[in-house]
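First up is the structure itself, then whatever we jot down about it.
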Amino acid sequence: MTTTILIPASLADVLGVRETTTSVSTVGEALRSLVADNSAAQRRLFDTNDNVNRFINVYVDGQDVRSLQGQDSPLQGVAVLELVSAIAGG
């Protein structure tokens with residue numbers, strides 16, 4: 001099954017797309033393949049320890065991956081992988 005990846009504007013400006021598809025098996029594989037050839041996008045998505053930047057939330061079919069298996073969360077049967085930029089204000 002193909003998973004659709006929805007990309008926030010904060011990453012789309014360096015990736016050049018707002019949506020793409022993948023057929024990999026885990027969230028981490030999908031995220032790494034998304035930014036593989038784009039160092040600017042890689043720096044925005046991942047921190048120096050290869051963790052997803054704390055200002056990017058990742059959802060698998062509407063469920064936060066932090067409540068699942070993080071980057072190891074499987075994508076088999078998943079329709080949508082959504083990246084959401086955290087918004088802060090005051």
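Just remember, in the structure tokens the first chain shown is A, the second B, etc., residues are 1-based per chain, and ligands are 1-based in the order shown.
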
If you run DSSP on the backbone here, which positions in chain A get strand (DSSP E)? Please write them as number ranges by chain. A: 3-6, 19-22, 56-60, 63-64, 80-85

Selection to disk with N, CA, C and O atoms, as a PDB file, in the first residue's frame:
```pdb
ATOM      1  N   THR A   3       1.610   5.112   0.992  1.00  0.00           N
ATOM      2  CA  THR A   3       1.296   6.093   2.026  1.00  0.00           C
ATOM      3  C   THR A   3       1.502   7.489   1.467  1.00  0.00           C
ATOM      4  O   THR A   3       2.528   7.772   0.859  1.00  0.00           O
ATOM      5  N   THR A   4       0.542   8.364   1.682  1.00  0.00           N
ATOM      6  CA  THR A   4       0.660   9.758   1.288  1.00  0.00           C
ATOM      7  C   THR A   4       1.315  10.527   2.420  1.00  0.00           C
ATOM      8  O   THR A   4       0.917  10.391   3.578  1.00  0.00           O
ATOM      9  N   ILE A   5       2.322  11.334   2.100  1.00  0.00           N
ATOM     10  CA  ILE A   5       2.989  12.179   3.096  1.00  0.00           C
ATOM     11  C   ILE A   5       2.541  13.617   2.856  1.00  0.00           C
ATOM     12  O   ILE A   5       2.737  14.162   1.772  1.00  0.00           O
ATOM     13  N   LEU A   6       1.934  14.211   3.878  1.00  0.00           N
ATOM     14  CA  LEU A   6       1.513  15.606   3.826  1.00  0.00           C
ATOM     15  C   LEU A   6       2.592  16.451   4.496  1.00  0.00           C
ATOM     16  O   LEU A   6       2.983  16.172   5.631  1.00  0.00           O
ATOM     17  N   GLU A  19       2.983  17.544  -0.913  1.00  0.00           N
ATOM     18  CA  GLU A  19       2.488  16.181  -0.758  1.00  0.00           C
ATOM     19  C   GLU A  19       3.280  15.255  -1.667  1.00  0.00           C
ATOM     20  O   GLU A  19       3.651  15.621  -2.769  1.00  0.00           O
ATOM     21  N   THR A  20       3.540  14.043  -1.160  1.00  0.00           N
ATOM     22  CA  THR A  20       4.221  13.029  -1.946  1.00  0.00           C
ATOM     23  C   THR A  20       3.753  11.663  -1.468  1.00  0.00           C
ATOM     24  O   THR A  20       2.970  11.584  -0.516  1.00  0.00           O
ATOM     25  N   THR A  21       4.213  10.607  -2.085  1.00  0.00           N
ATOM     26  CA  THR A  21       3.844   9.259  -1.663  1.00  0.00           C
ATOM     27  C   THR A  21       5.090   8.420  -1.443  1.00  0.00           C
ATOM     28  O   THR A  21       6.163   8.719  -1.961  1.00  0.00           O
ATOM     29  N   THR A  22       4.927   7.341  -0.679  1.00  0.00           N
ATOM     30  CA  THR A  22       6.025   6.428  -0.403  1.00  0.00           C
ATOM     31  C   THR A  22       5.476   5.026  -0.205  1.00  0.00           C
ATOM     32  O   THR A  22       4.301   4.855   0.123  1.00  0.00           O
ATOM     33  N   ILE A  56       8.418  19.722  14.956  1.00  0.00           N
ATOM     34  CA  ILE A  56       7.664  19.002  13.927  1.00  0.00           C
ATOM     35  C   ILE A  56       6.953  17.834  14.605  1.00  0.00           C
ATOM     36  O   ILE A  56       7.571  17.009  15.269  1.00  0.00           O
ATOM     37  N   ASN A  57       5.646  17.785  14.453  1.00  0.00           N
ATOM     38  CA  ASN A  57       4.861  16.668  14.971  1.00  0.00           C
ATOM     39  C   ASN A  57       4.549  15.739  13.807  1.00  0.00           C
ATOM     40  O   ASN A  57       4.281  16.197  12.693  1.00  0.00           O
ATOM     41  N   VAL A  58       4.585  14.437  14.074  1.00  0.00           N
ATOM     42  CA  VAL A  58       4.372  13.440  13.033  1.00  0.00           C
ATOM     43  C   VAL A  58       3.175  12.572  13.427  1.00  0.00           C
ATOM     44  O   VAL A  58       3.118  12.054  14.548  1.00  0.00           O
ATOM     45  N   TYR A  59       2.239  12.429  12.486  1.00  0.00           N
ATOM     46  CA  TYR A  59       1.023  11.661  12.727  1.00  0.00           C
ATOM     47  C   TYR A  59       0.866  10.565  11.678  1.00  0.00           C
ATOM     48  O   TYR A  59       1.093  10.796  10.495  1.00  0.00           O
ATOM     49  N   VAL A  60       0.472   9.400  12.135  1.00  0.00           N
ATOM     50  CA  VAL A  60       0.180   8.267  11.266  1.00  0.00           C
ATOM     51  C   VAL A  60      -1.330   8.051  11.339  1.00  0.00           C
ATOM     52  O   VAL A  60      -1.850   7.696  12.394  1.00  0.00           O
ATOM     53  N   GLN A  63      -2.776   9.674  14.325  1.00  0.00           N
ATOM     54  CA  GLN A  63      -2.259   9.310  15.644  1.00  0.00           C
ATOM     55  C   GLN A  63      -0.800   9.741  15.769  1.00  0.00           C
ATOM     56  O   GLN A  63       0.033   9.428  14.912  1.00  0.00           O
ATOM     57  N   ASP A  64      -0.489  10.467  16.832  1.00  0.00           N
ATOM     58  CA  ASP A  64       0.863  10.958  17.080  1.00  0.00           C
ATOM     59  C   ASP A  64       1.822   9.783  17.221  1.00  0.00           C
ATOM     60  O   ASP A  64       1.578   8.883  18.028  1.00  0.00           O
ATOM     61  N   VAL A  80      -2.103   7.829   5.476  1.00  0.00           N
ATOM     62  CA  VAL A  80      -1.564   9.189   5.538  1.00  0.00           C
ATOM     63  C   VAL A  80      -0.522   9.321   6.647  1.00  0.00           C
ATOM     64  O   VAL A  80      -0.760   8.951   7.793  1.00  0.00           O
ATOM     65  N   LEU A  81       0.619   9.886   6.283  1.00  0.00           N
ATOM     66  CA  LEU A  81       1.666  10.279   7.217  1.00  0.00           C
ATOM     67  C   LEU A  81       1.714  11.797   7.132  1.00  0.00           C
ATOM     68  O   LEU A  81       2.003  12.354   6.078  1.00  0.00           O
ATOM     69  N   GLU A  82       1.382  12.466   8.233  1.00  0.00           N
ATOM     70  CA  GLU A  82       1.272  13.928   8.208  1.00  0.00           C
ATOM     71  C   GLU A  82       2.325  14.553   9.104  1.00  0.00           C
ATOM     72  O   GLU A  82       2.485  14.175  10.269  1.00  0.00           O
ATOM     73  N   LEU A  83       3.035  15.518   8.549  1.00  0.00           N
ATOM     74  CA  LEU A  83       4.001  16.300   9.306  1.00  0.00           C
ATOM     75  C   LEU A  83       3.342  17.649   9.600  1.00  0.00           C
ATOM     76  O   LEU A  83       2.814  18.287   8.692  1.00  0.00           O
ATOM     77  N   VAL A  84       3.381  18.069  10.853  1.00  0.00           N
ATOM     78  CA  VAL A  84       2.732  19.307  11.259  1.00  0.00           C
ATOM     79  C   VAL A  84       3.741  20.142  12.026  1.00  0.00           C
ATOM     80  O   VAL A  84       4.332  19.677  13.005  1.00  0.00           O
ATOM     81  N   SER A  85       3.922  21.375  11.591  1.00  0.00           N
ATOM     82  CA  SER A  85       4.816  22.296  12.296  1.00  0.00           C
ATOM     83  C   SER A  85       4.122  22.755  13.572  1.00  0.00           C
ATOM     84  O   SER A  85       2.961  23.164  13.540  1.00  0.00           O
TER      85      SER A  85
END
```

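Taking only chain A, the residues that DSSP calls helix (DSSP H, G or I) from the backbone come to Ala9, Ser10, Leu11, Ala12, Asp13, Val14, Leu15, Val27, Gly28, Glu29, Ala30, Leu31, Arg32, Ser33, Leu34, Val35, Ser39, Ala40, Ala41, Gln42, Arg43, Arg44, Leu45, Val65, Arg66, Ser67, Gly70, Gln71 and Asp72 of chain A.
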
For the residues selected in the previous step, produce a file with C-alpha atoms as a PDB file, in the first residue's frame.
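Listed below is the output, part_31.pdb:
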```pdb
ATOM      1  CA  ALA A   9       4.828  24.862   4.475  1.00  0.00           C
ATOM      2  CA  SER A  10       7.929  25.097   6.688  1.00  0.00           C
ATOM      3  CA  LEU A  11       9.405  22.082   4.863  1.00  0.00           C
ATOM      4  CA  ALA A  12       7.615  22.458   1.540  1.00  0.00           C
ATOM      5  CA  ASP A  13       9.547  25.629   0.782  1.00  0.00           C
ATOM      6  CA  VAL A  14      12.828  23.657   0.734  1.00  0.00           C
ATOM      7  CA  LEU A  15      11.392  20.400  -0.665  1.00  0.00           C
ATOM      8  CA  VAL A  27       7.956   6.308   9.601  1.00  0.00           C
ATOM      9  CA  GLY A  28      11.710   6.794   9.945  1.00  0.00           C
ATOM     10  CA  GLU A  29      12.386   5.354   6.487  1.00  0.00           C
ATOM     11  CA  ALA A  30       9.727   7.641   5.012  1.00  0.00           C
ATOM     12  CA  LEU A  31      11.165  10.725   6.704  1.00  0.00           C
ATOM     13  CA  ARG A  32      14.752   9.936   5.736  1.00  0.00           C
ATOM     14  CA  SER A  33      13.786   9.245   2.126  1.00  0.00           C
ATOM     15  CA  LEU A  34      11.863  12.524   2.026  1.00  0.00           C
ATOM     16  CA  VAL A  35      14.960  14.592   2.830  1.00  0.00           C
ATOM     17  CA  SER A  39      20.515  18.942   3.355  1.00  0.00           C
ATOM     18  CA  ALA A  40      18.441  22.076   4.107  1.00  0.00           C
ATOM     19  CA  ALA A  41      15.279  19.993   4.568  1.00  0.00           C
ATOM     20  CA  GLN A  42      17.225  17.420   6.558  1.00  0.00           C
ATOM     21  CA  ARG A  43      18.366  20.105   9.020  1.00  0.00           C
ATOM     22  CA  ARG A  44      14.786  21.330   9.418  1.00  0.00           C
ATOM     23  CA  LEU A  45      13.288  17.880   9.952  1.00  0.00           C
ATOM     24  CA  VAL A  65       3.858   8.654  16.502  1.00  0.00           C
ATOM     25  CA  ARG A  66       5.147   9.517  19.981  1.00  0.00           C
ATOM     26  CA  SER A  67       2.261   7.417  21.337  1.00  0.00           C
ATOM     27  CA  GLY A  70       8.202   6.786  17.107  1.00  0.00           C
ATOM     28  CA  GLN A  71      10.284   6.516  13.938  1.00  0.00           C
ATOM     29  CA  ASP A  72       9.933   2.728  14.138  1.00  0.00           C
TER      30      ASP A  72
END
```

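Checking A:Ile87, A:Leu75, A:Gly62, A:Gln69 one by one against Thr2 (chain A), counting only C-alpha atoms, you find the shortest gap at A:Leu75.
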
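Atom to atom, CA of Thr26 (chain A) and CA of Phe55 (chain A) stand 20.5 Å apart.
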
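Note that CA of Ser73 (chain A) and CA of Asn51 (chain A) are 13.7 Å apart.
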